[in-house]
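coords-v3.cif follows (mmCIF, C-alpha atoms):
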data_my_file
loop_
_atom_site.label_atom_id
_atom_site.label_comp_id
_atom_site.auth_asym_id
_atom_site.auth_seq_id
_atom_site.Cartn_x
_atom_site.Cartn_y
_atom_site.Cartn_z
CA MET A 1 -27.52 20.84 -32.85
CA ALA A 2 -29.93 22.93 -30.81
CA THR A 3 -33.11 21.38 -29.48
CA ASP A 4 -36.31 23.32 -29.08
CA TYR A 5 -37.87 22.00 -25.91
CA ASP A 6 -40.94 24.20 -26.33
CA ALA A 7 -41.94 22.60 -29.64
CA PRO A 8 -44.97 20.31 -29.46
CA ARG A 9 -44.18 16.62 -29.20
CA LYS A 10 -45.44 13.97 -31.57
CA PRO A 11 -48.60 12.29 -30.38
CA ASP A 12 -48.34 8.64 -29.39
CA GLU A 13 -50.27 7.38 -32.42
CA GLU A 14 -47.53 8.63 -34.76
CA VAL A 15 -44.84 6.60 -32.98
CA PRO A 16 -44.68 3.12 -34.54
CA GLU A 17 -45.29 0.33 -32.08
CA ASP A 18 -43.40 -2.93 -32.43
CA SER A 19 -45.02 -6.16 -31.41
CA ILE A 20 -43.39 -8.34 -28.77
CA GLU A 21 -42.60 -10.97 -31.39
CA GLU A 22 -40.72 -8.41 -33.53
CA LEU A 23 -38.73 -7.23 -30.52
CA LYS A 24 -37.85 -10.82 -29.58
CA SER A 25 -36.71 -11.59 -33.12
CA ARG A 26 -34.50 -8.48 -33.15
CA ARG A 27 -32.93 -9.53 -29.86
CA ASN A 28 -32.27 -13.02 -31.21
CA ASP A 29 -30.76 -11.58 -34.38
CA LYS A 30 -28.33 -9.48 -32.35
CA GLN A 31 -27.26 -12.50 -30.31
CA SER A 32 -26.87 -14.76 -33.32
CA GLY A 33 -23.47 -13.20 -34.13
CA GLN A 34 -22.02 -14.28 -30.81
CA VAL A 35 -19.70 -17.27 -30.71
CA ASP A 36 -20.64 -19.96 -28.23
CA GLU A 37 -17.68 -20.79 -26.00
CA ASP A 38 -17.16 -24.23 -24.56
CA GLU A 39 -17.94 -23.96 -20.84
CA VAL A 40 -15.34 -26.56 -19.87
CA GLU A 41 -12.55 -24.68 -21.65
CA ALA A 42 -13.63 -21.41 -20.05
CA ALA A 43 -13.77 -22.97 -16.58
CA GLU A 44 -10.26 -24.38 -16.84
CA SER A 45 -8.76 -20.91 -17.09
CA PHE A 46 -10.26 -19.77 -13.76
CA GLU A 47 -8.79 -20.66 -10.39
CA LEU A 48 -11.45 -21.28 -7.79
CA PRO A 49 -11.09 -20.12 -4.19
CA GLY A 50 -10.42 -22.99 -1.83
CA ALA A 51 -8.82 -25.08 -4.57
CA ASP A 52 -6.39 -27.80 -3.50
CA LEU A 53 -2.93 -26.26 -3.77
CA SER A 54 -1.12 -28.90 -1.70
CA HIS A 55 1.06 -29.88 -4.66
CA GLU A 56 2.27 -26.27 -5.13
CA GLU A 57 5.54 -25.08 -3.59
CA LEU A 58 6.06 -21.65 -2.11
CA THR A 59 8.99 -19.71 -3.48
CA VAL A 60 8.81 -16.89 -0.93
CA ARG A 61 11.76 -16.51 1.40
CA VAL A 62 10.68 -15.54 4.92
CA LEU A 63 13.10 -13.47 6.95
CA PRO A 64 12.98 -13.13 10.75
CA ARG A 65 12.13 -9.72 12.19
CA GLN A 66 15.07 -7.36 11.81
CA ALA A 67 16.49 -5.06 14.51
CA ASP A 68 14.96 -1.97 12.87
CA GLU A 69 11.44 -3.46 12.66
CA PHE A 70 8.53 -3.82 15.07
CA ILE A 71 5.12 -5.49 15.06
CA CYS A 72 2.27 -3.02 15.41
CA ALA A 73 -0.12 -3.91 18.23
CA GLY A 74 -3.05 -2.50 16.23
CA CYS A 75 -2.73 -4.01 12.75
CA PHE A 76 -0.14 -6.73 13.56
CA LEU A 77 2.00 -5.80 10.54
CA VAL A 78 5.78 -5.72 10.62
CA LYS A 79 6.85 -2.12 10.07
CA ASN A 80 10.03 -0.07 10.21
CA ARG A 81 10.78 1.62 13.55
CA THR A 82 10.46 5.02 11.87
CA GLN A 83 6.69 4.38 11.71
CA ILE A 84 6.20 4.10 15.48
CA ALA A 85 3.66 6.76 16.41
CA ALA A 86 2.76 5.78 20.00
CA VAL A 87 3.67 3.38 22.76
CA ARG A 88 0.81 2.41 25.11
CA ASP A 89 1.27 -0.07 27.95
CA GLY A 90 4.49 -1.29 26.35
CA GLN A 91 2.76 -1.92 23.00
CA GLU A 92 4.00 -0.10 19.91
CA TYR A 93 1.51 1.34 17.40
CA CYS A 94 2.22 2.52 13.85
CA VAL A 95 1.17 5.85 12.33
CA ASP A 96 -1.76 4.18 10.52
CA CYS A 97 -3.30 2.79 13.73
CA VAL A 98 -3.03 5.89 15.95
#
Will you turn the file into structure tokens for me?
Amino acid sequence: MATDYDAPRKPDEEVPEDSIEELKSRRNDKQSGQVDEDEVEAAESFELPGADLSHEELTVRVLPRQADEFICAGCFLVKNRTQIAAVRDGQEYCVDCV
């Protein structure tokens, strides 16, 4: 639908004004349909940072560095030798750190 931006606007007295009480009651009516959730139940589903995980076991198998891998002197990640981009002072750097 086309809008005529040159048409005169309605004066402010024609626009109905709602009182603050009416606006508050409308807001409360909109929120009344929401279901209150038990905070304790909601909190149990979240894992907090720094939580005590001493009873948990790791299932990750750690392998020693292989012959075709190196540790980048810039980012300290183990990478494949094909990613060596530079060697400075005997230190190997990957393509991401050069």
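What separates atom CA of A:Ala67 from atom CA of A:Ala85 is a distance of 17.5 Å.
For the structure shown here, the set of residues caught by the PyMOL selection byres ((chain A and resi 77) around 12) is Arg65, Glu69, Phe70, Ile71, Cys72, Ala73, Gly74, Cys75, Phe76, Val78, Lys79, Asn80, Arg81, Gln83, Ile84, Glu92, Tyr93, Cys94, Val95, Asp96 and Cys97 of chain A.
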- Just how far from atom CA of A:Gln66 is atom CA of A:Thr82, in Å to one decimal?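 Straight-line distance from atom CA of A:Thr82 to atom CA of A:Gln66 works out to 13.2 Å.
Between atom CA of A:Val60 and atom CA of A:Glu47 the interatomic distance comes to 20.3 Å.
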Size and centre in Å, one decimal, axis-aligned box, all listed stretch 62-78 of chain A atoms plus 6 Å per side, as AutoDock Vina command-line options:
--center_x 6.7 --center_y -8.8 --center_z 11.6 --size_x 31.5 --size_y 25.6 --size_z 25.3
Please extract stretch 42-63 of chain A and write it out with N, CA, C and O atoms, as a PDB file, in the first residue's frame.
ATOM      1  N   ALA A  42      14.758 -24.704  37.486  1.00  0.00           N
ATOM      2  CA  ALA A  42      15.461 -24.072  36.375  1.00  0.00           C
ATOM      3  C   ALA A  42      16.964 -24.019  36.647  1.00  0.00           C
ATOM      4  O   ALA A  42      17.774 -24.224  35.738  1.00  0.00           O
ATOM      5  N   ALA A  43      17.351 -23.770  37.878  1.00  0.00           N
ATOM      6  CA  ALA A  43      18.769 -23.659  38.225  1.00  0.00           C
ATOM      7  C   ALA A  43      19.478 -25.004  38.165  1.00  0.00           C
ATOM      8  O   ALA A  43      20.676 -25.064  37.906  1.00  0.00           O
ATOM      9  N   GLU A  44      18.764 -26.081  38.385  1.00  0.00           N
ATOM     10  CA  GLU A  44      19.396 -27.397  38.366  1.00  0.00           C
ATOM     11  C   GLU A  44      19.847 -27.804  36.962  1.00  0.00           C
ATOM     12  O   GLU A  44      20.754 -28.603  36.808  1.00  0.00           O
ATOM     13  N   SER A  45      19.224 -27.242  35.949  1.00  0.00           N
ATOM     14  CA  SER A  45      19.578 -27.634  34.587  1.00  0.00           C
ATOM     15  C   SER A  45      20.807 -26.889  34.067  1.00  0.00           C
ATOM     16  O   SER A  45      21.345 -27.255  33.036  1.00  0.00           O
ATOM     17  N   PHE A  46      21.260 -25.861  34.764  1.00  0.00           N
ATOM     18  CA  PHE A  46      22.423 -25.096  34.335  1.00  0.00           C
ATOM     19  C   PHE A  46      23.664 -25.545  35.094  1.00  0.00           C
ATOM     20  O   PHE A  46      23.608 -25.822  36.286  1.00  0.00           O
ATOM     21  N   GLU A  47      24.783 -25.605  34.370  1.00  0.00           N
ATOM     22  CA  GLU A  47      26.042 -25.934  35.022  1.00  0.00           C
ATOM     23  C   GLU A  47      26.825 -24.646  35.203  1.00  0.00           C
ATOM     24  O   GLU A  47      27.066 -23.914  34.253  1.00  0.00           O
ATOM     25  N   LEU A  48      27.192 -24.361  36.415  1.00  0.00           N
ATOM     26  CA  LEU A  48      27.873 -23.119  36.726  1.00  0.00           C
ATOM     27  C   LEU A  48      29.372 -23.235  36.494  1.00  0.00           C
ATOM     28  O   LEU A  48      29.962 -24.281  36.756  1.00  0.00           O
ATOM     29  N   PRO A  49      30.011 -22.155  36.020  1.00  0.00           N
ATOM     30  CA  PRO A  49      31.466 -22.195  35.864  1.00  0.00           C
ATOM     31  C   PRO A  49      32.123 -22.294  37.238  1.00  0.00           C
ATOM     32  O   PRO A  49      31.668 -21.699  38.204  1.00  0.00           O
ATOM     33  N   GLY A  50      33.186 -23.055  37.308  1.00  0.00           N
ATOM     34  CA  GLY A  50      33.884 -23.225  38.579  1.00  0.00           C
ATOM     35  C   GLY A  50      33.240 -24.262  39.472  1.00  0.00           C
ATOM     36  O   GLY A  50      33.575 -24.367  40.642  1.00  0.00           O
ATOM     37  N   ALA A  51      32.286 -25.021  38.941  1.00  0.00           N
ATOM     38  CA  ALA A  51      31.621 -26.044  39.744  1.00  0.00           C
ATOM     39  C   ALA A  51      32.608 -27.162  40.076  1.00  0.00           C
ATOM     40  O   ALA A  51      33.559 -27.411  39.346  1.00  0.00           O
ATOM     41  N   ASP A  52      32.369 -27.848  41.166  1.00  0.00           N
ATOM     42  CA  ASP A  52      33.244 -28.932  41.604  1.00  0.00           C
ATOM     43  C   ASP A  52      33.009 -30.150  40.721  1.00  0.00           C
ATOM     44  O   ASP A  52      31.959 -30.784  40.768  1.00  0.00           O
ATOM     45  N   LEU A  53      33.986 -30.479  39.899  1.00  0.00           N
ATOM     46  CA  LEU A  53      33.887 -31.619  38.998  1.00  0.00           C
ATOM     47  C   LEU A  53      34.886 -32.705  39.386  1.00  0.00           C
ATOM     48  O   LEU A  53      35.279 -33.524  38.553  1.00  0.00           O
ATOM     49  N   SER A  54      35.301 -32.729  40.648  1.00  0.00           N
ATOM     50  CA  SER A  54      36.320 -33.680  41.084  1.00  0.00           C
ATOM     51  C   SER A  54      35.827 -35.121  41.001  1.00  0.00           C
ATOM     52  O   SER A  54      36.622 -36.036  40.875  1.00  0.00           O
ATOM     53  N   HIS A  55      34.527 -35.336  41.071  1.00  0.00           N
ATOM     54  CA  HIS A  55      34.001 -36.697  40.995  1.00  0.00           C
ATOM     55  C   HIS A  55      33.829 -37.178  39.554  1.00  0.00           C
ATOM     56  O   HIS A  55      33.523 -38.334  39.328  1.00  0.00           O
ATOM     57  N   GLU A  56      34.033 -36.302  38.580  1.00  0.00           N
ATOM     58  CA  GLU A  56      33.898 -36.665  37.166  1.00  0.00           C
ATOM     59  C   GLU A  56      35.198 -37.293  36.657  1.00  0.00           C
ATOM     60  O   GLU A  56      36.282 -36.916  37.074  1.00  0.00           O
ATOM     61  N   GLU A  57      35.067 -38.246  35.740  1.00  0.00           N
ATOM     62  CA  GLU A  57      36.234 -38.876  35.125  1.00  0.00           C
ATOM     63  C   GLU A  57      36.363 -38.413  33.687  1.00  0.00           C
ATOM     64  O   GLU A  57      35.365 -38.270  32.990  1.00  0.00           O
ATOM     65  N   LEU A  58      37.589 -38.196  33.260  1.00  0.00           N
ATOM     66  CA  LEU A  58      37.830 -37.821  31.877  1.00  0.00           C
ATOM     67  C   LEU A  58      37.876 -39.071  31.023  1.00  0.00           C
ATOM     68  O   LEU A  58      38.473 -40.077  31.400  1.00  0.00           O
ATOM     69  N   THR A  59      37.264 -38.998  29.861  1.00  0.00           N
ATOM     70  CA  THR A  59      37.275 -40.143  28.960  1.00  0.00           C
ATOM     71  C   THR A  59      38.069 -39.832  27.694  1.00  0.00           C
ATOM     72  O   THR A  59      37.923 -40.506  26.691  1.00  0.00           O
ATOM     73  N   VAL A  60      38.915 -38.808  27.754  1.00  0.00           N
ATOM     74  CA  VAL A  60      39.726 -38.413  26.612  1.00  0.00           C
ATOM     75  C   VAL A  60      41.056 -39.142  26.669  1.00  0.00           C
ATOM     76  O   VAL A  60      41.715 -39.174  27.715  1.00  0.00           O
ATOM     77  N   ARG A  61      41.453 -39.729  25.570  1.00  0.00           N
ATOM     78  CA  ARG A  61      42.737 -40.418  25.511  1.00  0.00           C
ATOM     79  C   ARG A  61      43.775 -39.456  24.949  1.00  0.00           C
ATOM     80  O   ARG A  61      43.608 -38.910  23.858  1.00  0.00           O
ATOM     81  N   VAL A  62      44.836 -39.207  25.694  1.00  0.00           N
ATOM     82  CA  VAL A  62      45.879 -38.272  25.302  1.00  0.00           C
ATOM     83  C   VAL A  62      47.025 -39.048  24.679  1.00  0.00           C
ATOM     84  O   VAL A  62      47.556 -39.984  25.276  1.00  0.00           O
ATOM     85  N   LEU A  63      47.380 -38.636  23.462  1.00  0.00           N
ATOM     86  CA  LEU A  63      48.485 -39.279  22.753  1.00  0.00           C
ATOM     87  C   LEU A  63      49.723 -38.394  22.827  1.00  0.00           C
ATOM     88  O   LEU A  63      49.614 -37.165  22.794  1.00  0.00           O
TER      89      LEU A  63
END
